[in-house]
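So the structure is just underneath, and the comments pick up after that.
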Amino acid sequence: WVRFAMPWGALRVGAEASCFYDDTEETKLNEAMQLPSGDPEDDQPETAEDLADPHVPRKMLDEHLLREKTVRSFSPYGLRVLGRRLFVCNSNNDEELEVDGKCGVVGTRFQLPGVSLDLDESGKVILPVRRWDDEKMVWTAEQAPHVMVERYKLPKGTDGRVDFDMLPLMPKKLTRFSPGEAPDPIEAAMPLQALVAGVGPRKWLKVRNRDFLDL
């Protein structure tokens, strides 16, 4: 005969566990302790969108591109960032944008100083909102709206430029993956400062080339 010794503590714990749980209850307990694979708040499984590398480039879906020809002021509005570009949308509510959102591009943080107009006394900044032109296949400022943004909504970084990391991101449901695709071109336009000051094309040519180099 061979005798095996079991520690009394282990035997006691096993005995106590068997007193509180039968096989069915133990199975239910184990299942309850397993975390859901998706968002614990909505109990939805993870999708390809959730698992995708956030650094993969994305573009706006066609149905959410601003195409309307108008020169009115954009209101209501919401600022959103996609990639390295600032967009202005027709709502500041992500749920509303996912249903019927339309967004136009303003530009990169390096382009903003050349296309925006700061109204010092009012504390607001005028930004051009480019619409998508299906014929030219570019973002154009021709017959496109503008938006008056409170200056505090455009926080600046240590380099003095608008810090896109401080602005809300474009909802993923308005975008698609675009790896390997070139960014949609932005049609060059005369800076607002030049328009107000009445500066001719020869004087703003260098400014235009510099501001629109980073698309």
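Chain lettering (A, B, ...) mirrors the order of the structure tokens, residue numbering begins at 1 for each chain separately, and ligand numbering begins at 1 in order of display.
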Next on the checklist: Env of range 146-151 of chain A: 6 Å cut, atoms = only C-alpha atoms, seq-sep filter 3 positions within chain, self excluded. Answer as a ChimeraX atom specification.
Outcome noted: /A:73-74,123-129,154
Item to check | Residue among A:Met170, A:Lys59, A:Arg85, A:Val105 lying closest to Asp133 in chain A, counting only C-alpha atoms | outcome: A:Val105
Checklist entry - Taking into account only C-alpha atoms, which residue in the set A:Glu187, A:Glu98, A:Glu68, A:Asp163 is nearest to Thr175 in chain A? => result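 Looking at the shortest contact to Thr175 in chain A, the residue is A:Glu98.
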Next on the checklist: Under the rule that only C-alpha atoms are counted, which of A:Pro155, A:Pro57, A:Pro113, A:Pro185 is the nearest residue to Lys136 in chain A?
Outcome noted: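 Looking at the shortest contact to Lys136 in chain A, the residue is A:Pro185.
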Next on the checklist: For the strand (DSSP E) assignment from backbone DSSP, which residues of range 41-193 of chain A qualify? Please present them as number ranges by chain.
Outcome noted: A: 58-60, 78-82, 85-89, 103-107, 117-119, 124-128, 131-133, 138-140, 146-150, 175-177
Next on the checklist: For Arg84 in chain A, find every residue with an atom within 10 Å (counting only C-alpha atoms), except residues of its own chain fewer than 2 positions away, and show them as a VMD selection string.
Outcome noted: chain A and resid 57 81 to 82 86 to 87 107 to 110 164 to 165 214 to 215
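With only C-alpha atoms as the atoms that count, the residue of A:Lys69, A:Leu112, A:Asp100, A:Glu121 with the shortest distance to Lys156 in chain A is A:Leu112.
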Next on the checklist: Just want the 6 Å neighbourhood of Cys89 in chain A, counted on only C-alpha atoms, with same-chain residues fewer than 2 positions away dropped. Output as JSON, numbers by chain.
Outcome noted: {"A": [77, 78, 91, 102, 103]}
Kindly export the residues of the current selection with N, CA and C atoms, as a PDB file, in the first residue's frame.
```
ATOM      1  N   TYR A  77     -21.936  73.759 -36.286  1.00  0.00           N
ATOM      2  CA  TYR A  77     -20.720  73.134 -36.800  1.00  0.00           C
ATOM      3  C   TYR A  77     -20.029  72.335 -35.693  1.00  0.00           C
ATOM      4  N   GLY A  78     -19.129  71.466 -36.125  1.00  0.00           N
ATOM      5  CA  GLY A  78     -18.296  70.705 -35.196  1.00  0.00           C
ATOM      6  C   GLY A  78     -16.935  70.494 -35.825  1.00  0.00           C
ATOM      7  N   SER A  91     -22.490  69.205 -37.611  1.00  0.00           N
ATOM      8  CA  SER A  91     -22.981  68.961 -36.256  1.00  0.00           C
ATOM      9  C   SER A  91     -21.787  68.674 -35.354  1.00  0.00           C
ATOM     10  N   LYS A 102     -22.181  65.745 -42.822  1.00  0.00           N
ATOM     11  CA  LYS A 102     -21.492  66.247 -44.005  1.00  0.00           C
ATOM     12  C   LYS A 102     -20.316  67.082 -43.528  1.00  0.00           C
ATOM     13  N   CYS A 103     -19.139  66.776 -44.053  1.00  0.00           N
ATOM     14  CA  CYS A 103     -17.932  67.441 -43.572  1.00  0.00           C
ATOM     15  C   CYS A 103     -17.098  67.975 -44.731  1.00  0.00           C
TER      16      CYS A 103
END
```
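Of note, CA of Ser75 in chain A and CA of Ser116 in chain A are spaced 17.2 Å apart.
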Checklist entry - So how many Å separate CA of Asp62 in chain A and CA of Leu174 in chain A, to one decimal? => result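 Between CA of Asp62 in chain A and CA of Leu174 in chain A the gap is 8.9 Å.
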Hey, what does DSSP flag as alpha helix (DSSP H) within range 49-164 of chain A? Can you give it to me as an mmCIF file with all heavy atoms, in the first residue's frame?
```cif
data_model
loop_
_atom_site.group_PDB
_atom_site.id
_atom_site.type_symbol
_atom_site.label_atom_id
_atom_site.label_comp_id
_atom_site.auth_asym_id
_atom_site.auth_seq_id
_atom_site.Cartn_x
_atom_site.Cartn_y
_atom_site.Cartn_z
ATOM 1 N N GLU A 49 -12.871 47.021 -37.286
ATOM 2 C CA GLU A 49 -12.613 48.436 -37.044
ATOM 3 C C GLU A 49 -11.948 48.632 -35.691
ATOM 4 O O GLU A 49 -11.052 49.457 -35.530
ATOM 5 C CB GLU A 49 -13.926 49.222 -37.107
ATOM 6 C CG GLU A 49 -14.590 49.225 -38.467
ATOM 7 C CD GLU A 49 -13.893 50.176 -39.428
ATOM 8 O OE1 GLU A 49 -13.202 51.083 -38.961
ATOM 9 O OE2 GLU A 49 -14.039 49.998 -40.647
ATOM 10 N N ASP A 50 -12.396 47.886 -34.685
ATOM 11 C CA ASP A 50 -11.852 48.036 -33.338
ATOM 12 C C ASP A 50 -10.433 47.493 -33.233
ATOM 13 O O ASP A 50 -9.614 48.003 -32.469
ATOM 14 C CB ASP A 50 -12.744 47.313 -32.316
ATOM 15 C CG ASP A 50 -14.160 47.861 -32.306
ATOM 16 O OD1 ASP A 50 -14.301 49.091 -32.414
ATOM 17 O OD2 ASP A 50 -15.107 47.068 -32.200
ATOM 18 N N LEU A 51 -10.142 46.429 -33.997
ATOM 19 C CA LEU A 51 -8.844 45.773 -33.908
ATOM 20 C C LEU A 51 -7.804 46.395 -34.826
ATOM 21 O O LEU A 51 -6.631 46.060 -34.732
ATOM 22 C CB LEU A 51 -8.987 44.280 -34.243
ATOM 23 C CG LEU A 51 -9.899 43.468 -33.317
ATOM 24 C CD1 LEU A 51 -10.076 42.070 -33.873
ATOM 25 C CD2 LEU A 51 -9.333 43.426 -31.907
ATOM 26 N N ASP A 94 -21.553 63.297 -32.477
ATOM 27 C CA ASP A 94 -21.090 62.163 -33.281
ATOM 28 C C ASP A 94 -22.236 61.284 -33.754
ATOM 29 O O ASP A 94 -22.205 60.756 -34.870
ATOM 30 C CB ASP A 94 -20.097 61.327 -32.483
ATOM 31 C CG ASP A 94 -18.725 61.984 -32.397
ATOM 32 O OD1 ASP A 94 -18.530 63.019 -33.065
ATOM 33 O OD2 ASP A 94 -17.851 61.469 -31.673
ATOM 34 N N GLU A 95 -23.250 61.093 -32.920
ATOM 35 C CA GLU A 95 -24.383 60.247 -33.316
ATOM 36 C C GLU A 95 -25.132 60.864 -34.490
ATOM 37 O O GLU A 95 -25.552 60.157 -35.403
ATOM 38 C CB GLU A 95 -25.315 60.044 -32.123
ATOM 39 C CG GLU A 95 -24.683 59.227 -30.988
ATOM 40 C CD GLU A 95 -25.644 59.007 -29.842
ATOM 41 O OE1 GLU A 95 -26.776 59.546 -29.901
ATOM 42 O OE2 GLU A 95 -25.274 58.294 -28.884
ATOM 43 N N GLU A 96 -25.312 62.181 -34.477
ATOM 44 C CA GLU A 96 -25.970 62.849 -35.593
ATOM 45 C C GLU A 96 -25.106 62.789 -36.851
ATOM 46 O O GLU A 96 -25.624 62.620 -37.958
ATOM 47 C CB GLU A 96 -26.277 64.301 -35.228
ATOM 48 C CG GLU A 96 -27.300 64.462 -34.102
ATOM 49 C CD GLU A 96 -27.562 65.907 -33.770
ATOM 50 O OE1 GLU A 96 -26.957 66.795 -34.425
ATOM 51 O OE2 GLU A 96 -28.358 66.169 -32.853
ATOM 52 N N LEU A 97 -23.805 62.907 -36.672
ATOM 53 C CA LEU A 97 -22.904 62.842 -37.826
ATOM 54 C C LEU A 97 -22.937 61.474 -38.483
ATOM 55 O O LEU A 97 -22.882 61.366 -39.717
ATOM 56 C CB LEU A 97 -21.471 63.169 -37.392
ATOM 57 C CG LEU A 97 -21.183 64.615 -36.986
ATOM 58 C CD1 LEU A 97 -19.739 64.762 -36.512
ATOM 59 C CD2 LEU A 97 -21.453 65.566 -38.143
ATOM 60 N N GLU A 98 -23.046 60.433 -37.685
ATOM 61 C CA GLU A 98 -23.073 59.080 -38.239
ATOM 62 C C GLU A 98 -24.320 58.844 -39.081
ATOM 63 O O GLU A 98 -24.311 58.020 -39.996
ATOM 64 C CB GLU A 98 -23.001 58.060 -37.100
ATOM 65 C CG GLU A 98 -21.653 58.030 -36.394
ATOM 66 C CD GLU A 98 -21.648 57.126 -35.182
ATOM 67 O OE1 GLU A 98 -22.718 56.519 -34.911
ATOM 68 O OE2 GLU A 98 -20.614 57.018 -34.502
ATOM 69 N N VAL A 99 -25.384 59.582 -38.792
ATOM 70 C CA VAL A 99 -26.634 59.417 -39.542
ATOM 71 C C VAL A 99 -26.638 60.270 -40.803
ATOM 72 O O VAL A 99 -26.903 59.781 -41.909
ATOM 73 C CB VAL A 99 -27.845 59.766 -38.650
ATOM 74 C CG1 VAL A 99 -29.140 59.690 -39.469
ATOM 75 C CG2 VAL A 99 -27.918 58.816 -37.465
ATOM 76 N N ASP A 100 -26.360 61.552 -40.652
ATOM 77 C CA ASP A 100 -26.479 62.459 -41.796
ATOM 78 C C ASP A 100 -25.387 63.520 -41.759
ATOM 79 O O ASP A 100 -25.651 64.688 -42.018
ATOM 80 C CB ASP A 100 -27.864 63.117 -41.795
ATOM 81 C CG ASP A 100 -28.178 63.799 -43.118
ATOM 82 O OD1 ASP A 100 -27.630 63.365 -44.145
ATOM 83 O OD2 ASP A 100 -28.971 64.766 -43.115
ATOM 84 N N LEU A 112 -3.288 76.241 -41.793
ATOM 85 C CA LEU A 112 -4.262 77.116 -41.140
ATOM 86 C C LEU A 112 -3.835 78.579 -41.062
ATOM 87 O O LEU A 112 -4.653 79.470 -41.332
ATOM 88 C CB LEU A 112 -4.597 76.586 -39.746
ATOM 89 C CG LEU A 112 -5.357 75.258 -39.672
ATOM 90 C CD1 LEU A 112 -5.768 74.958 -38.233
ATOM 91 C CD2 LEU A 112 -6.578 75.278 -40.559
ATOM 92 N N PRO A 113 -2.599 78.889 -40.674
ATOM 93 C CA PRO A 113 -2.237 80.309 -40.596
ATOM 94 C C PRO A 113 -2.381 81.047 -41.921
ATOM 95 O O PRO A 113 -2.665 82.245 -41.944
ATOM 96 C CB PRO A 113 -0.768 80.267 -40.142
ATOM 97 C CG PRO A 113 -0.617 78.966 -39.440
ATOM 98 C CD PRO A 113 -1.503 78.018 -40.202
ATOM 99 N N GLY A 114 -2.202 80.340 -43.034
ATOM 100 C CA GLY A 114 -2.276 80.990 -44.332
ATOM 101 C C GLY A 114 -3.670 81.130 -44.898
ATOM 102 O O GLY A 114 -3.875 81.883 -45.861
ATOM 103 N N VAL A 115 -4.647 80.409 -44.337
ATOM 104 C CA VAL A 115 -6.004 80.453 -44.888
ATOM 105 C C VAL A 115 -7.033 80.996 -43.896
ATOM 106 O O VAL A 115 -8.185 81.221 -44.260
ATOM 107 C CB VAL A 115 -6.460 79.052 -45.355
ATOM 108 C CG1 VAL A 115 -5.533 78.529 -46.449
ATOM 109 C CG2 VAL A 115 -6.513 78.074 -44.196
#
```
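Between CA of Gly104 in chain A and CA of Val88 in chain A there is a distance of 5.4 Å.
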